[in-house]
>>> print(open('data35.csv').read())   # CSV, C-alpha atoms and all ligand atoms
chain,number,residue,atom,x,y,z
A,15,MET,CA,-53.4,-181.4,-150.8
A,16,SER,CA,-55.1,-178.3,-152.3
A,17,GLN,CA,-55.6,-177.5,-155.9
A,18,PHE,CA,-52.8,-174.9,-155.7
A,19,SER,CA,-50.3,-177.4,-154.4
A,20,TYR,CA,-51.0,-179.6,-157.4
A,21,ILE,CA,-50.6,-176.7,-159.8
A,22,LYS,CA,-47.3,-175.8,-158.1
A,23,GLU,CA,-46.1,-179.4,-158.5
A,24,ILE,CA,-47.2,-179.5,-162.2
A,25,ALA,CA,-45.4,-176.2,-162.9
A,26,LYS,CA,-42.2,-177.5,-161.1
A,27,TYR,CA,-42.1,-180.8,-162.9
A,28,GLY,CA,-43.0,-179.2,-166.3
A,29,LEU,CA,-40.1,-176.7,-165.9
A,30,GLU,CA,-37.7,-179.5,-164.8
A,31,ASN,CA,-38.9,-181.6,-167.8
A,32,ASP,CA,-39.7,-184.5,-165.5
A,33,GLN,CA,-42.3,-186.2,-167.6
A,34,GLU,CA,-43.0,-189.0,-165.3
A,35,LYS,CA,-43.6,-186.9,-162.2
A,36,LEU,CA,-45.6,-184.4,-164.3
A,37,LEU,CA,-48.0,-187.0,-165.4
A,38,ALA,CA,-48.4,-188.4,-161.9
A,39,ALA,CA,-49.2,-184.9,-160.5
A,40,LEU,CA,-51.6,-184.2,-163.4
A,41,ASN,CA,-53.4,-187.5,-162.7
A,42,GLU,CA,-53.6,-186.6,-159.0
A,43,LEU,CA,-55.1,-183.2,-159.9
A,44,ILE,CA,-57.7,-185.0,-162.2
A,45,GLU,CA,-58.7,-187.2,-159.3
A,46,HIS,CA,-58.8,-184.3,-156.9
A,47,SER,CA,-61.0,-182.3,-159.3
A,48,LYS,CA,-63.4,-185.2,-159.6
A,49,LYS,CA,-63.6,-185.6,-155.8
A,50,THR,CA,-64.3,-181.9,-155.4
A,51,LYS,CA,-67.0,-182.0,-158.1
A,52,LYS,CA,-65.1,-180.0,-160.7
A,53,ILE,CA,-66.1,-182.7,-163.2
A,54,ASN,CA,-65.9,-180.6,-166.4
A,55,PHE,CA,-62.4,-179.4,-165.4
A,56,ALA,CA,-61.4,-183.0,-164.7
A,57,LEU,CA,-62.8,-184.2,-168.1
A,58,GLN,CA,-61.0,-181.4,-170.0
A,59,LEU,CA,-57.7,-182.2,-168.3
A,60,GLN,CA,-58.2,-185.9,-169.0
A,61,SER,CA,-58.9,-185.1,-172.7
A,62,LEU,CA,-55.7,-183.0,-172.9
A,63,LEU,CA,-53.7,-185.8,-171.3
A,64,LYS,CA,-55.0,-188.4,-173.8
A,65,GLU,CA,-54.5,-186.1,-176.7
A,66,SER,CA,-50.9,-185.4,-175.7
A,67,ILE,CA,-50.2,-189.1,-175.1
A,68,ARG,CA,-51.6,-189.9,-178.5
A,69,GLN,CA,-49.5,-187.3,-180.2
A,70,GLN,CA,-46.3,-188.5,-178.4
A,71,GLN,CA,-47.0,-192.0,-179.6
A,72,THR,CA,-47.3,-190.8,-183.2
A,73,SER,CA,-44.6,-188.1,-183.3
A,74,GLY,CA,-41.1,-188.5,-184.4
A,75,LEU,CA,-39.8,-189.8,-187.7
A,76,LEU,CA,-42.1,-192.6,-188.9
A,77,LYS,CA,-41.9,-194.8,-191.9
A,78,VAL,CA,-44.8,-193.9,-194.2
A,79,ASP,CA,-46.5,-197.3,-193.9
A,80,SER,CA,-45.9,-197.9,-190.2
A,81,PRO,CA,-49.0,-198.4,-188.1
A,82,LYS,CA,-48.2,-195.3,-186.2
A,83,HIS,CA,-48.3,-193.2,-189.3
A,84,ILE,CA,-51.7,-194.6,-190.1
A,85,LEU,CA,-53.0,-193.7,-186.7
A,86,ARG,CA,-52.0,-190.1,-187.1
A,87,GLU,CA,-53.5,-189.9,-190.6
A,88,GLU,CA,-56.7,-191.3,-189.3
A,89,ASP,CA,-56.9,-188.7,-186.7
A,90,ARG,CA,-56.4,-185.9,-189.1
A,91,GLU,CA,-59.1,-187.2,-191.4
A,92,VAL,CA,-61.5,-187.8,-188.6
A,93,SER,CA,-61.3,-184.3,-187.1
A,94,GLU,CA,-62.9,-182.9,-190.3
A,95,PHE,CA,-66.1,-184.6,-189.4
A,96,ILE,CA,-66.2,-183.7,-185.8
A,97,ILE,CA,-68.0,-180.4,-185.3
A,98,GLU,CA,-67.0,-180.2,-181.7
A,99,LYS,CA,-65.9,-182.1,-178.7
A,100,LEU,CA,-67.4,-180.8,-175.6
A,101,THR,CA,-68.3,-181.2,-172.0
A,102,SER,CA,-71.6,-179.9,-170.8
A,103,ASP,CA,-72.9,-178.1,-167.7
A,104,TYR,CA,-76.6,-178.7,-168.6
A,105,GLY,CA,-78.8,-180.8,-166.3
A,106,PHE,CA,-82.3,-182.1,-166.3
A,107,GLU,CA,-83.5,-178.8,-164.8
A,108,ASN,CA,-82.7,-177.0,-168.1
A,109,LEU,CA,-85.0,-179.1,-170.2
A,110,VAL,CA,-88.8,-178.5,-170.1
A,111,CYS,CA,-90.6,-181.7,-171.2
A,112,SER,CA,-93.4,-184.1,-170.4
A,113,ASN,CA,-93.1,-186.4,-167.4
A,114,VAL,CA,-92.8,-189.4,-169.7
A,115,VAL,CA,-89.8,-187.9,-171.5
A,116,LYS,CA,-88.2,-186.9,-168.2
A,117,GLU,CA,-88.7,-190.4,-166.8
A,118,ASP,CA,-87.2,-192.0,-169.9
A,119,LEU,CA,-84.1,-189.8,-169.7
A,120,GLU,CA,-83.6,-190.2,-166.0
A,121,PHE,CA,-83.9,-194.0,-166.5
A,122,PHE,CA,-81.3,-193.9,-169.3
A,123,VAL,CA,-78.8,-192.0,-167.0
A,124,LYS,CA,-79.5,-194.3,-164.1
A,125,GLU,CA,-78.8,-197.3,-166.3
A,126,HIS,CA,-75.4,-195.9,-167.2
A,127,LYS,CA,-74.5,-195.0,-163.7
A,128,ALA,CA,-75.4,-198.6,-162.7
A,129,ILE,CA,-73.5,-200.2,-165.6
A,130,ASP,CA,-71.4,-202.5,-163.3
A,131,LEU,CA,-74.4,-203.8,-161.4
A,132,LEU,CA,-76.4,-204.5,-164.6
A,133,LYS,CA,-73.4,-206.3,-166.1
A,134,GLU,CA,-73.3,-208.6,-163.0
A,135,TYR,CA,-76.8,-209.7,-163.8
A,136,GLN,CA,-75.8,-210.0,-167.5
A,137,LEU,CA,-78.4,-207.5,-168.5
A,138,PRO,CA,-77.9,-205.5,-171.7
A,139,ILE,CA,-77.5,-201.7,-171.2
A,140,SER,CA,-79.5,-199.3,-173.4
A,141,ASN,CA,-77.0,-197.2,-175.2
A,142,LYS,CA,-78.6,-196.1,-178.5
A,143,LEU,CA,-81.0,-193.2,-178.2
A,144,LEU,CA,-83.0,-191.4,-180.8
A,145,PHE,CA,-84.5,-187.9,-180.3
A,146,HIS,CA,-87.1,-186.8,-182.7
A,147,GLY,CA,-89.7,-184.1,-183.0
A,148,PRO,CA,-90.2,-180.7,-184.6
A,149,PRO,CA,-87.4,-178.0,-184.7
A,150,GLY,CA,-86.7,-176.0,-181.6
A,151,CYS,CA,-88.1,-178.4,-179.1
A,152,GLY,CA,-85.0,-179.5,-177.4
A,153,LYS,CA,-83.4,-182.4,-179.3
A,154,THR,CA,-79.9,-180.9,-179.3
A,155,LEU,CA,-80.5,-179.5,-175.8
A,156,ALA,CA,-81.5,-183.0,-174.5
A,157,ALA,CA,-78.3,-184.5,-175.9
A,158,TYR,CA,-76.3,-181.8,-174.0
A,159,VAL,CA,-78.3,-182.5,-170.9
A,160,LEU,CA,-77.4,-186.2,-171.1
A,161,ALA,CA,-73.7,-185.4,-171.6
A,162,GLY,CA,-73.9,-183.2,-168.5
A,163,GLU,CA,-75.8,-185.7,-166.4
A,164,LEU,CA,-73.6,-188.6,-167.5
A,165,GLU,CA,-70.5,-186.4,-167.0
A,166,LYS,CA,-69.0,-187.6,-170.2
A,167,MET,CA,-67.3,-185.8,-173.1
A,168,MET,CA,-69.5,-185.6,-176.2
A,169,ILE,CA,-68.3,-185.8,-179.8
A,170,VAL,CA,-70.7,-184.0,-182.2
A,171,ILE,CA,-70.5,-185.5,-185.6
A,172,ASN,CA,-71.2,-183.6,-188.8
A,173,LEU,CA,-73.0,-186.3,-190.7
A,174,GLY,CA,-73.6,-184.0,-193.7
A,175,ALA,CA,-69.8,-183.5,-194.1
A,176,ILE,CA,-69.2,-187.2,-193.9
A,177,VAL,CA,-71.8,-188.2,-196.3
A,178,SER,CA,-71.2,-185.5,-198.9
A,179,SER,CA,-67.5,-185.1,-198.9
A,180,LYS,CA,-66.0,-188.3,-200.2
A,181,LEU,CA,-68.6,-190.6,-201.5
A,182,GLY,CA,-67.4,-194.1,-201.1
A,183,GLU,CA,-65.5,-193.3,-197.9
A,184,THR,CA,-68.5,-192.5,-195.7
A,185,SER,CA,-68.4,-196.0,-194.1
A,186,LYS,CA,-64.7,-195.9,-193.4
A,187,ASN,CA,-65.0,-192.5,-191.8
A,188,LEU,CA,-67.9,-193.4,-189.6
A,189,ALA,CA,-66.1,-196.5,-188.4
A,190,LYS,CA,-63.0,-194.4,-187.5
A,191,ILE,CA,-65.1,-192.0,-185.5
A,192,PHE,CA,-66.9,-194.7,-183.6
A,193,ARG,CA,-63.6,-196.4,-182.8
A,194,ARG,CA,-62.1,-193.2,-181.5
A,195,ALA,CA,-65.2,-192.4,-179.3
A,196,ALA,CA,-65.1,-195.8,-177.8
A,197,SER,CA,-61.4,-195.5,-177.0
A,198,GLU,CA,-62.0,-192.2,-175.3
A,199,ASP,CA,-65.2,-193.2,-173.6
A,200,CYS,CA,-67.1,-190.3,-175.2
A,201,ILE,CA,-70.8,-190.0,-176.2
A,202,ILE,CA,-71.3,-189.8,-180.0
A,203,PHE,CA,-73.9,-187.3,-180.9
A,204,ILE,CA,-75.2,-187.5,-184.5
A,205,ASP,CA,-77.3,-184.5,-185.1
A,206,GLU,CA,-79.6,-184.4,-188.2
A,207,PHE,CA,-79.5,-188.1,-188.5
A,208,ASP,CA,-81.9,-188.0,-191.4
A,209,THR,CA,-79.0,-186.8,-193.6
A,210,LEU,CA,-78.5,-190.6,-194.1
A,211,GLY,CA,-81.8,-190.8,-195.8
A,212,LYS,CA,-80.7,-188.1,-198.2
A,213,VAL,CA,-77.6,-189.9,-199.5
A,214,ARG,CA,-79.9,-190.7,-202.4
A,215,ASP,CA,-80.0,-187.0,-203.3
A,216,TYR,CA,-76.3,-186.5,-203.1
A,217,SER,CA,-75.5,-189.2,-205.6
A,218,GLN,CA,-77.3,-191.4,-208.0
A,219,ASP,CA,-75.5,-194.2,-206.3
A,220,HIS,CA,-78.1,-196.2,-204.3
A,221,GLY,CA,-75.3,-198.7,-203.5
A,222,GLU,CA,-73.5,-196.0,-201.4
A,223,MET,CA,-76.7,-195.4,-199.4
A,224,LYS,CA,-77.0,-199.1,-198.7
A,225,ARG,CA,-73.4,-199.4,-197.7
A,226,VAL,CA,-73.6,-196.5,-195.3
A,227,VAL,CA,-76.8,-197.8,-193.6
A,228,ASN,CA,-75.2,-201.2,-193.4
A,229,THR,CA,-72.1,-199.7,-191.7
A,230,ILE,CA,-74.2,-197.9,-189.2
A,231,LEU,CA,-76.1,-201.1,-188.5
A,232,GLN,CA,-72.9,-202.9,-187.8
A,233,LEU,CA,-71.4,-200.1,-185.7
A,234,PHE,CA,-74.5,-200.1,-183.7
A,235,ASP,CA,-74.6,-203.8,-183.3
A,236,TYR,CA,-71.0,-204.0,-182.1
A,237,LEU,CA,-71.1,-200.8,-180.0
A,238,PRO,CA,-69.4,-201.5,-176.6
A,239,GLN,CA,-71.9,-201.4,-173.8
A,240,SER,CA,-70.3,-198.4,-172.1
A,241,SER,CA,-70.4,-196.3,-175.3
A,242,VAL,CA,-73.4,-194.1,-175.9
A,243,VAL,CA,-74.8,-193.0,-179.3
A,244,ILE,CA,-77.4,-190.3,-179.4
A,245,ALA,CA,-79.0,-189.4,-182.7
A,246,ALA,CA,-81.5,-186.6,-183.4
A,247,THR,CA,-83.8,-185.8,-186.3
A,248,ASN,CA,-86.9,-183.8,-187.2
A,249,GLN,CA,-87.6,-186.1,-190.1
A,250,LYS,CA,-87.9,-189.6,-188.6
A,251,GLU,CA,-89.7,-190.8,-191.7
A,252,MET,CA,-86.5,-190.3,-193.7
A,253,ILE,CA,-84.7,-192.9,-191.6
A,254,ASP,CA,-84.4,-196.5,-192.8
A,255,SER,CA,-86.6,-198.8,-190.7
A,256,ALA,CA,-83.8,-201.3,-190.0
A,257,LEU,CA,-81.9,-198.4,-188.5
A,258,LEU,CA,-84.9,-197.2,-186.5
A,259,ARG,CA,-85.2,-200.6,-185.0
A,260,ARG,CA,-81.7,-200.6,-183.6
A,261,PHE,CA,-82.4,-197.8,-181.2
A,262,ASP,CA,-82.9,-198.9,-177.6
A,263,MET,CA,-85.0,-195.9,-176.9
A,264,THR,CA,-86.9,-193.4,-179.0
A,265,VAL,CA,-87.9,-190.2,-177.4
A,266,GLN,CA,-90.3,-187.7,-178.9
A,267,LEU,CA,-89.8,-184.1,-178.0
A,268,ASP,CA,-92.9,-182.2,-178.8
A,269,LEU,CA,-94.2,-178.6,-179.0
A,270,PRO,CA,-94.9,-177.2,-175.5
A,271,ASN,CA,-98.4,-177.3,-174.0
A,272,GLU,CA,-99.6,-174.4,-171.8
A,273,ASN,CA,-98.0,-175.6,-168.6
A,274,GLN,CA,-94.7,-176.2,-170.4
A,275,VAL,CA,-94.7,-172.7,-171.9
A,276,LYS,CA,-95.2,-171.4,-168.3
A,277,GLU,CA,-92.4,-173.5,-167.0
A,278,LEU,CA,-90.1,-172.3,-169.8
A,279,VAL,CA,-91.0,-168.6,-169.1
A,280,ASN,CA,-90.4,-169.1,-165.4
A,281,ASN,CA,-87.1,-170.7,-166.1
A,282,ILE,CA,-86.0,-167.8,-168.3
A,283,LEU,CA,-87.1,-165.3,-165.7
A,284,LYS,CA,-86.0,-167.3,-162.6
A,285,SER,CA,-83.4,-164.8,-161.6
A,286,GLY,CA,-86.3,-162.5,-160.6
A,287,GLN,CA,-84.6,-159.5,-162.2
A,288,PHE,CA,-87.5,-159.0,-164.6
A,289,THR,CA,-91.3,-159.3,-164.1
A,290,PHE,CA,-94.3,-158.8,-166.4
A,291,ASP,CA,-95.9,-155.4,-166.2
A,292,ASN,CA,-99.3,-157.1,-166.5
A,293,LYS,CA,-99.6,-160.7,-165.2
A,294,LYS,CA,-103.0,-161.3,-166.7
A,295,ALA,CA,-101.9,-160.1,-170.2
A,296,ALA,CA,-98.9,-162.4,-169.9
A,297,ASP,CA,-101.2,-165.4,-169.2
A,298,THR,CA,-103.2,-164.6,-172.3
A,299,ILE,CA,-100.1,-164.3,-174.4
A,300,ILE,CA,-98.9,-167.7,-173.1
A,301,LYS,CA,-102.1,-169.3,-174.3
A,302,SER,CA,-101.7,-167.6,-177.7
A,303,ALA,CA,-98.2,-169.0,-178.0
A,304,LEU,CA,-99.4,-172.6,-178.3
A,305,GLY,CA,-98.2,-174.0,-181.6
A,306,LEU,CA,-94.8,-172.3,-181.4
A,307,SER,CA,-91.6,-174.1,-180.4
A,308,TYR,CA,-89.7,-173.6,-177.1
A,309,TYR,CA,-87.0,-171.9,-179.2
A,310,SER,CA,-89.4,-169.4,-180.8
A,311,ILE,CA,-91.1,-168.5,-177.5
A,312,GLN,CA,-87.7,-168.1,-175.8
A,313,LYS,CA,-86.4,-165.9,-178.6
A,314,ALA,CA,-89.5,-163.6,-178.5
A,315,LEU,CA,-89.3,-163.3,-174.7
A,316,LEU,CA,-85.6,-162.4,-174.7
A,317,ALA,CA,-86.1,-159.9,-177.4
A,318,THR,CA,-89.0,-158.4,-175.4
A,319,VAL,CA,-86.9,-158.1,-172.3
A,320,LYS,CA,-84.2,-156.2,-174.3
A,321,ARG,CA,-86.7,-153.9,-176.0
A,322,SER,CA,-88.4,-153.2,-172.7
A,323,ILE,CA,-85.1,-152.2,-171.1
A,324,PHE,CA,-84.3,-149.8,-174.0
A,325,SER,CA,-87.8,-148.2,-174.0
A,326,GLN,CA,-87.6,-147.6,-170.3
A,327,LEU,CA,-84.1,-146.1,-170.7
A,328,GLU,CA,-85.3,-143.9,-173.5
A,329,ALA,CA,-88.3,-142.7,-171.6
A,330,LYS,CA,-86.0,-141.9,-168.7
A,331,THR,CA,-88.4,-143.6,-166.3
A,332,VAL,CA,-87.1,-145.1,-163.1
A,333,PHE,CA,-85.7,-148.5,-164.1
A,334,VAL,CA,-88.2,-151.0,-162.8
A,335,SER,CA,-87.2,-154.1,-164.9
A,336,LYS,CA,-90.8,-154.5,-166.1
A,337,ILE,CA,-91.4,-156.6,-169.2
A,338,ASP,CA,-93.7,-154.8,-171.6
A,339,THR,CA,-96.4,-157.4,-172.4
A,340,LYS,CA,-97.5,-155.3,-175.4
A,341,ILE,CA,-94.1,-155.8,-177.0
A,342,TRP,CA,-94.2,-159.6,-176.2
A,343,LYS,CA,-97.7,-159.9,-177.7
A,344,GLY,CA,-96.5,-158.3,-180.9
A,345,LEU,CA,-93.4,-160.5,-181.1
A,346,ILE,CA,-95.3,-163.7,-180.5
A,347,ALA,CA,-97.8,-162.8,-183.2
A,348,GLN,CA,-94.8,-162.1,-185.5
A,349,GLU,CA,-93.3,-165.6,-184.7
A,350,LYS,CA,-96.7,-167.2,-185.5
A,351,LYS,CA,-97.0,-165.3,-188.7
A,352,SER,CA,-93.6,-166.3,-189.9
A,353,LEU,CA,-94.7,-170.0,-189.3
A,354,LYS,CA,-98.0,-169.2,-190.9
A,355,LEU,CA,-99.8,-170.2,-187.6
A,356,GLY,CA,-101.4,-166.8,-186.9
A,401,LIG,N1,-87.7,-178.5,-174.2
A,401,LIG,C1,-87.0,-177.3,-174.0
A,401,LIG,N2,-86.8,-176.9,-172.8
A,401,LIG,C2,-86.1,-175.7,-172.6
A,401,LIG,N3,-85.5,-175.0,-173.6
A,401,LIG,C3,-85.7,-175.4,-174.8
A,401,LIG,C4,-86.4,-176.6,-175.1
A,401,LIG,N4,-86.4,-176.8,-176.5
A,401,LIG,C5,-85.7,-175.8,-177.0
A,401,LIG,N5,-85.2,-174.9,-176.0
A,401,LIG,C6,-84.4,-173.7,-176.2
A,401,LIG,O1,-84.3,-173.5,-177.6
A,401,LIG,C7,-82.9,-173.7,-178.0
A,401,LIG,C8,-82.8,-174.5,-179.3
A,401,LIG,O2,-83.3,-175.9,-179.1
A,401,LIG,P1,-82.6,-177.2,-179.7
A,401,LIG,O3,-81.4,-176.7,-180.5
A,401,LIG,O4,-82.4,-178.2,-178.7
A,401,LIG,O5,-83.8,-177.6,-180.7
A,401,LIG,P2,-83.8,-178.9,-181.7
A,401,LIG,O6,-85.0,-179.7,-181.3
A,401,LIG,O7,-82.5,-179.5,-181.7
A,401,LIG,O8,-84.1,-178.2,-183.1
A,401,LIG,P3,-83.6,-178.5,-184.6
A,401,LIG,O9,-84.5,-179.6,-185.1
A,401,LIG,O10,-83.8,-177.3,-185.3
A,401,LIG,O11,-82.2,-179.0,-184.5
A,401,LIG,C9,-82.3,-174.5,-176.9
A,401,LIG,O12,-80.9,-174.2,-176.8
A,401,LIG,C10,-83.0,-173.9,-175.7
A,401,LIG,O13,-82.5,-172.7,-175.3
A,402,MG,MG,-81.0,-179.7,-183.1
>>> encode(input="data35.csv", output="structure tokens")
Amino acid sequence: MSQFSYIKEIAKYGLENDQEKLLAALNELIEHSKKTKKINFALQLQSLLKESIRQQQTSGLLKVDSPKHILREEDREVSEFIIEKLTSDYGFENLVCSNVVKEDLEFFVKEHKAIDLLKEYQLPISNKLLFHGPPGCGKTLAAYVLAGELEKMMIVINLGAIVSSKLGETSKNLAKIFRRAASEDCIIFIDEFDTLGKVRDYSQDHGEMKRVVNTILQLFDYLPQSSVVIAATNQKEMIDSALLRRFDMTVQLDLPNENQVKELVNNILKSGQFTFDNKKAADTIIKSALGLSYYSIQKALLATVKRSIFSQLEAKTVFVSKIDTKIWKGLIAQEKKSLKLG
């Protein structure tokens, strides 16, 4: 059956209010989308379906202290701490990194795709991953890449909000989020994981800090094998050593070397729409960009492309899509100056 036939069926059963057939057709469309490689669409439909089933289970008149009421309450509380729930289209080709990092990440994905095989051999599956390194070097991007490669939904947690909002309830809120992610087979992404180390600053209560760290230790220890937790930080030294030890894999994402800057630039310009006006000057600028993050270099290059377009339009020259290396040189110097590198 084609996608359109499924959609027609879904519309028909929806209008006829035939819940059972509607769900069956929707499930068939999800399977069909998976088979035809529309993975993101399939995941989004699946999430809609789960969400709707959960709401049906908790809707209607409920006694205040019935378990169903608690479930709904939990959901409402938890959603405050979830920045977003997403599917990702990123793949390994989007991340520029060393071969060591690439191999580590590929291995991680391979392990999860072979989860059944590894279970047969009773081998543990690595599912706790920490990204660390300076800002703008791809920690958040790498998490998106893994979500894309693993074809899983990812819940991005706002640890700052959890820790600072209701002191004393941090542990409970974390446990709820972990439970929910496990039930929905999502990746949990805890960005700015070092926030945990800062609980000390939010309160004078050292006990709270210890409780939160203990909760995370327990959640990590009892994490189902198929769940994945990714954490990221640019201040690894702020993280409790017992927590650090729990990660199965620690991946350092560093500032780019010359080849990596070239790869980044090639990726950005891969459509072939824009080329440098002076290749040699561009190579010199690439060398001078060492010390800057991927993010800064990308930002300067994209700004250069835009400014080059405008200046060519203003000069009413024939539009040749040349990137003005003089502008790029200036912007890279500016980036370095703002970081006090130049
Ligand atoms: N290694 C990389 N390869 C390709 N692009 C990158 C890389 N690192 C950063 N970028 C670009 O810079 C943007 C910002 O990077 P990202 O948010 O992943 O940095 P981060 O390490 O998480 O920084 P922060 O510590 O500030 O959170 C990315 O969306 C991407 O466009
Ligand atoms: Mg980040």
>>> closest_atom_pairs(input="data35.csv", of="chain A", to="ligand LIG 401 (chain A)", cutoff="8 Å", atoms="all atoms listed in the file", output="Markdown table")
| residue | atom | partner | partner_atom | distance |
| --- | --- | --- | --- | --- |
| A:Asn108 | CA | A:LIG401 | C2 | 5.8 |
| A:Leu109 | CA | A:LIG401 | N2 | 3.9 |
| A:Val110 | CA | A:LIG401 | N2 | 3.7 |
| A:Cys111 | CA | A:LIG401 | N1 | 5.3 |
| A:His146 | CA | A:LIG401 | O6 | 7.5 |
| A:Gly147 | CA | A:LIG401 | O6 | 6.7 |
| A:Pro148 | CA | A:LIG401 | O9 | 5.8 |
| A:Pro149 | CA | A:LIG401 | O9 | 3.3 |
| A:Gly150 | CA | A:LIG401 | O5 | 3.4 |
| A:Cys151 | CA | A:LIG401 | N4 | 3.5 |
| A:Gly152 | CA | A:LIG401 | N4 | 3.2 |
| A:Lys153 | CA | A:LIG401 | O6 | 3.7 |
| A:Thr154 | CA | A:LIG401 | O4 | 3.7 |
| A:Leu155 | CA | A:LIG401 | O4 | 3.7 |
| A:Ala156 | CA | A:LIG401 | O4 | 6.4 |
| A:Asp205 | CA | A:LIG401 | O11 | 7.4 |
| A:Glu206 | CA | A:LIG401 | O11 | 7.0 |
| A:Ala246 | CA | A:LIG401 | O7 | 7.4 |
| A:Thr247 | CA | A:LIG401 | O9 | 6.4 |
| A:Asn248 | CA | A:LIG401 | O9 | 5.3 |
| A:Leu267 | CA | A:LIG401 | N1 | 7.1 |
| A:Asp268 | CA | A:LIG401 | N1 | 7.9 |
| A:Pro270 | CA | A:LIG401 | N1 | 7.4 |
| A:Leu278 | CA | A:LIG401 | C2 | 5.9 |
| A:Ser307 | CA | A:LIG401 | C5 | 7.0 |
| A:Tyr308 | CA | A:LIG401 | C5 | 4.6 |
| A:Tyr309 | CA | A:LIG401 | O1 | 3.5 |
| A:Ser310 | CA | A:LIG401 | O1 | 7.3 |
| A:Gln312 | CA | A:LIG401 | C6 | 6.5 |
| A:Lys313 | CA | A:LIG401 | O1 | 7.9 |
>>> atom_distance(input="data35.csv", atom1="atom CA of A:Ile300", atom2="atom CA of A:Gly286")
18.5 Å
>>> residues_around(input="data35.csv", residues="stretch 196-202 of chain A", least_positions_apart="4", cutoff="10 Å", atoms="all atoms listed in the file", output="PyMOL selection string")
chain A and resi 60-61+64-65+96+99-101+141-142+157+160-161+164-171+191-192+237-245
>>> write_last_selection(input="data35.csv", atoms="C-alpha atoms", output="PDB file, in the frame of the given file")
ATOM      1  CA  GLN A  60     -58.200-185.900-169.000  1.00  0.00           C
ATOM      2  CA  SER A  61     -58.900-185.100-172.700  1.00  0.00           C
ATOM      3  CA  LYS A  64     -55.000-188.400-173.800  1.00  0.00           C
ATOM      4  CA  GLU A  65     -54.500-186.100-176.700  1.00  0.00           C
ATOM      5  CA  ILE A  96     -66.200-183.700-185.800  1.00  0.00           C
ATOM      6  CA  LYS A  99     -65.900-182.100-178.700  1.00  0.00           C
ATOM      7  CA  LEU A 100     -67.400-180.800-175.600  1.00  0.00           C
ATOM      8  CA  THR A 101     -68.300-181.200-172.000  1.00  0.00           C
ATOM      9  CA  ASN A 141     -77.000-197.200-175.200  1.00  0.00           C
ATOM     10  CA  LYS A 142     -78.600-196.100-178.500  1.00  0.00           C
ATOM     11  CA  ALA A 157     -78.300-184.500-175.900  1.00  0.00           C
ATOM     12  CA  LEU A 160     -77.400-186.200-171.100  1.00  0.00           C
ATOM     13  CA  ALA A 161     -73.700-185.400-171.600  1.00  0.00           C
ATOM     14  CA  LEU A 164     -73.600-188.600-167.500  1.00  0.00           C
ATOM     15  CA  GLU A 165     -70.500-186.400-167.000  1.00  0.00           C
ATOM     16  CA  LYS A 166     -69.000-187.600-170.200  1.00  0.00           C
ATOM     17  CA  MET A 167     -67.300-185.800-173.100  1.00  0.00           C
ATOM     18  CA  MET A 168     -69.500-185.600-176.200  1.00  0.00           C
ATOM     19  CA  ILE A 169     -68.300-185.800-179.800  1.00  0.00           C
ATOM     20  CA  VAL A 170     -70.700-184.000-182.200  1.00  0.00           C
ATOM     21  CA  ILE A 171     -70.500-185.500-185.600  1.00  0.00           C
ATOM     22  CA  ILE A 191     -65.100-192.000-185.500  1.00  0.00           C
ATOM     23  CA  PHE A 192     -66.900-194.700-183.600  1.00  0.00           C
ATOM     24  CA  LEU A 237     -71.100-200.800-180.000  1.00  0.00           C
ATOM     25  CA  PRO A 238     -69.400-201.500-176.600  1.00  0.00           C
ATOM     26  CA  GLN A 239     -71.900-201.400-173.800  1.00  0.00           C
ATOM     27  CA  SER A 240     -70.300-198.400-172.100  1.00  0.00           C
ATOM     28  CA  SER A 241     -70.400-196.300-175.300  1.00  0.00           C
ATOM     29  CA  VAL A 242     -73.400-194.100-175.900  1.00  0.00           C
ATOM     30  CA  VAL A 243     -74.800-193.000-179.300  1.00  0.00           C
ATOM     31  CA  ILE A 244     -77.400-190.300-179.400  1.00  0.00           C
ATOM     32  CA  ALA A 245     -79.000-189.400-182.700  1.00  0.00           C
TER      33      ALA A 245
END
>>> residues_around(input="data35.csv", residues="A:Gly305", least_positions_apart="5", cutoff="9 Å", atoms="all atoms listed in the file", output="ChimeraX atom specification")
/A:269-271,350,355
>>> write_last_selection(input="data35.csv", atoms="C-alpha atoms", output="PDB file, in the coordinates of the input")
ATOM      1  CA  LEU A 269     -94.200-178.600-179.000  1.00  0.00           C
ATOM      2  CA  PRO A 270     -94.900-177.200-175.500  1.00  0.00           C
ATOM      3  CA  ASN A 271     -98.400-177.300-174.000  1.00  0.00           C
ATOM      4  CA  LYS A 350     -96.700-167.200-185.500  1.00  0.00           C
ATOM      5  CA  LEU A 355     -99.800-170.200-187.600  1.00  0.00           C
TER       6      LEU A 355
END
>>> atom_distance(input="data35.csv", atom1="atom CA of A:Asn280", atom2="atom CA of A:Leu315")
11.0 Å
>>> residues_around(input="data35.csv", residues="A:Thr229", least_positions_apart="5", cutoff="12 Å", atoms="all atoms listed in the file", output="CSV table (one decimal) with C-alpha atoms, in the frame of the given file")
chain,number,residue,atom,x,y,z
A,182,GLY,CA,-67.4,-194.1,-201.1
A,183,GLU,CA,-65.5,-193.3,-197.9
A,184,THR,CA,-68.5,-192.5,-195.7
A,185,SER,CA,-68.4,-196.0,-194.1
A,186,LYS,CA,-64.7,-195.9,-193.4
A,187,ASN,CA,-65.0,-192.5,-191.8
A,188,LEU,CA,-67.9,-193.4,-189.6
A,189,ALA,CA,-66.1,-196.5,-188.4
A,190,LYS,CA,-63.0,-194.4,-187.5
A,192,PHE,CA,-66.9,-194.7,-183.6
A,210,LEU,CA,-78.5,-190.6,-194.1
A,222,GLU,CA,-73.5,-196.0,-201.4
A,223,MET,CA,-76.7,-195.4,-199.4
A,224,LYS,CA,-77.0,-199.1,-198.7
A,234,PHE,CA,-74.5,-200.1,-183.7
A,235,ASP,CA,-74.6,-203.8,-183.3
A,236,TYR,CA,-71.0,-204.0,-182.1
A,237,LEU,CA,-71.1,-200.8,-180.0
A,256,ALA,CA,-83.8,-201.3,-190.0
A,257,LEU,CA,-81.9,-198.4,-188.5
